[in-house]
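First the structure, in the form of structure tokens, and then the observations on it.
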Amino acid sequence: MAKPHNNGRSLSIRSLVFAALLATAASAPVAKNATSPRVAAAAAAADRVVRRGSTLYMNNKPFRFVGFNVPSLVLNGDIQVPQYHMPNEFDTQDTIDTLAGLVNPVARTMPLGVKSDLAGGPDFHITGCYERSEAAFRTLDRTLALAAQKGVKLIIPLINNNWLQSDGSTDPNQDYFGNWGDFANLCVGDRSWEAFFENQDVRAAFKDYIKFFLTRRNTVNGKLYADDTTILALETGNELGAWVDRRPPGEWTVEIAQHIKSLAPNVLVMDGTLIGWQTDRIDPQALASPYVDMFSNHYYDAGNTDVDRMHKDLDVIAQYNK
């Protein structure tokens with residue numbers, strides 16, 4: 001057995017509040033005709049978490065959880081920062097075993113890595129505009145298979161935010177494992193907001209990556225990602241729009257969500273836009289869309305400030321029965 005390092009169970013306590021937002025939202029009353037597209041028509045597999053109105057269910061029982069943010073399940077930066085590496089089997093198994101001790105265990109991973117000349121480390125899942133690393137995805141196969149064995153559900157963001165400097169350029173010190181700017185750069189040599197969110201060629205490439213992800217068959221347990229009940233939700237990204245930067249267009253979020261649902265109708269979709277401190281950053285199009293199931297915010301201030309923010313966020317989202 002490999003010798004573990006000190007961060008074998010690296011779990012972020014900050015996501016207790018993140019998950020609590022989802023769990024609190026799940027306790028709201030259920031309204032009719034607010035189910036995700038095609039979920040009502042398709043019999044959900046056993047152990048699949050589904051949304052009915054503003055409530056999450058598993059096996060026809062309300063599903064509530066408090067979980068952790070676990071970056072090292074996808075890329076491990078604990079060994080040699082800032083160089084990110086694929087997690088080894090011991091760390092993954094040890095983390096999954098720890099999570100399995102929770103009631104209704106759920107973890108949120110960090111986004112898949114995108115090749116970047118600014119980010120350190122040799123390991124990325126996305127290596128070109130239409131290219132992916134089979135070795136990296138085999139590591140993800142193992143993570144999903146181990147989680148499935150222990151009944152651990154995962155929320156997986158598709159891509160990281162491109163953190164910007166005051167002049168609008170990518171901040172190399174925040175480019176840990178690639179982001180949407182790097183994805184656009186791989187496709188069209190441009191890291192700008194417009195290149196990723198508005199260029200139709202880049203959007204088509206991003207949708208192709210999602211198709212690759214959801215139509216992949218796990219090399220460990222043979223499950224199609226789209227059918228794997230381990231994947232509780234796909235999040236459109238991590239902290240998209242940052243705290244005060246330009247948020248993703250609502251039509252982009254809806255199109256990506258609809259694309260996910262066309263390939264995996266029973267996988268929940270979470271809007272990865274960072275709400276931050278202002279509820280007006282929650283896009284009306286995403287709120288109204290039947291393809292977007294969940295919303296998230298990150299609460300780092302602690303105390304009553306975060307509790308107040310959470311209630312304000314929930315008040316807005318509840319109006320749309322989500």
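Residues are referred to by chain and number: the chain letter is A, B, ... according to the order shown in the structure tokens, the number counts from 1 in that chain, and ligands are numbered separately from 1 in the order shown.
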For segment 107-115 of chain A, please output as a PyMOL selection string all residues within 7 Å (counting only C-alpha atoms; exclusion window: fewer than 6 positions along the same chain).
chain A and resi 67-71+73-74+124-127+153-160+177-179+182-183+238
Write the residues of the preceding selection, restricted to C-alpha atoms, as a JSON list (two decimals), in the first residue's frame.
[["chain", "number", "residue", "atom", "x", "y", "z"],
["A", 67, "GLY", "CA", -21.41, 17.62, 2.37],
["A", 68, "PHE", "CA", -17.91, 18.77, 1.56],
["A", 69, "ASN", "CA", -15.98, 20.40, -1.25],
["A", 70, "VAL", "CA", -13.23, 17.93, -2.18],
["A", 71, "PRO", "CA", -10.89, 19.30, -4.87],
["A", 73, "LEU", "CA", -11.06, 13.89, -6.09],
["A", 74, "VAL", "CA", -10.41, 15.29, -9.58],
["A", 124, "PHE", "CA", -5.14, 17.94, -17.56],
["A", 125, "HIS", "CA", -8.38, 16.33, -18.71],
["A", 126, "ILE", "CA", -8.81, 18.69, -21.67],
["A", 127, "THR", "CA", -5.64, 18.91, -23.74],
["A", 153, "LYS", "CA", -22.86, 11.22, -4.80],
["A", 154, "LEU", "CA", -20.78, 13.81, -6.66],
["A", 155, "ILE", "CA", -21.46, 17.30, -7.96],
["A", 156, "ILE", "CA", -18.97, 17.98, -10.77],
["A", 157, "PRO", "CA", -18.31, 21.48, -12.19],
["A", 158, "LEU", "CA", -17.44, 21.34, -15.88],
["A", 159, "ILE", "CA", -14.86, 24.13, -15.99],
["A", 160, "ASN", "CA", -13.18, 26.67, -13.74],
["A", 177, "PHE", "CA", -5.55, 23.98, -13.37],
["A", 178, "GLY", "CA", -6.93, 25.74, -16.43],
["A", 179, "ASN", "CA", -10.21, 27.59, -16.93],
["A", 182, "ASP", "CA", -7.66, 28.55, -21.41],
["A", 183, "PHE", "CA", -10.34, 26.53, -23.19],
["A", 238, "ASN", "CA", -16.96, 26.86, -10.73]]
Find the spatial neighbours of Lys223 of chain A, counting only C-alpha atoms, within a cut-off of 12 Å - ignore same-chain residues fewer than 4 positions away - and output them as a VMD selection string.
chain A and resid 141 to 142 144 to 145 148 214 to 219 227 to 231
At most 12 Å is the cut-off: for each residue in segment 55-159 of chain A with any atom that close to an atom of segment 194-202 of chain A, write down the nearest atom pair and the distance in Å rounded to one decimal, counting only C-alpha atoms, chain first then increasing number, as a tab-separated table.
residue	atom	partner	partner_atom	distance
A:Gly128	CA	A:Val202	CA	11.6
A:Cys129	CA	A:Val202	CA	8.0
A:Tyr130	CA	A:Val202	CA	10.0
A:Ile159	CA	A:Phe196	CA	11.5
Would you export the selected residues with N, CA, C and O atoms as a CSV table (one decimal), in the first residue's frame, please?
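What landed in selection.csv:
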chain,number,residue,atom,x,y,z
A,128,GLY,N,-6.8,19.9,-25.6
A,128,GLY,CA,-6.9,20.6,-26.9
A,128,GLY,C,-8.4,21.0,-27.1
A,128,GLY,O,-9.3,20.5,-26.3
A,129,CYS,N,-8.7,21.8,-28.1
A,129,CYS,CA,-10.0,22.2,-28.3
A,129,CYS,C,-11.0,21.0,-28.4
A,129,CYS,O,-12.1,21.1,-27.9
A,130,TYR,N,-10.6,20.0,-29.1
A,130,TYR,CA,-11.3,18.8,-29.3
A,130,TYR,C,-10.5,17.5,-28.8
A,130,TYR,O,-10.7,16.4,-29.3
A,159,ILE,N,-16.0,23.3,-15.7
A,159,ILE,CA,-14.9,24.1,-16.0
A,159,ILE,C,-14.7,25.2,-14.9
A,159,ILE,O,-15.6,25.6,-14.2
Option closest in space to Arg51 of chain A, from A:Asn173, A:Met310, A:Asp301, A:Phe63 [counting only C-alpha atoms]:
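With only C-alpha atoms as the atom set, the closest residue is A:Phe63.
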Give me the residues within 12 Å of Asp308 of chain A as a ChimeraX atom specification, counting only C-alpha atoms and dropping any in the same chain fewer than 4 places off.
/A:21,277-279,299,301-304,312-315
Could you please write out, as a ChimeraX atom specification, every residue of segment 230-277 of chain A that DSSP assigns to alpha helix (DSSP H)?
/A:250-263
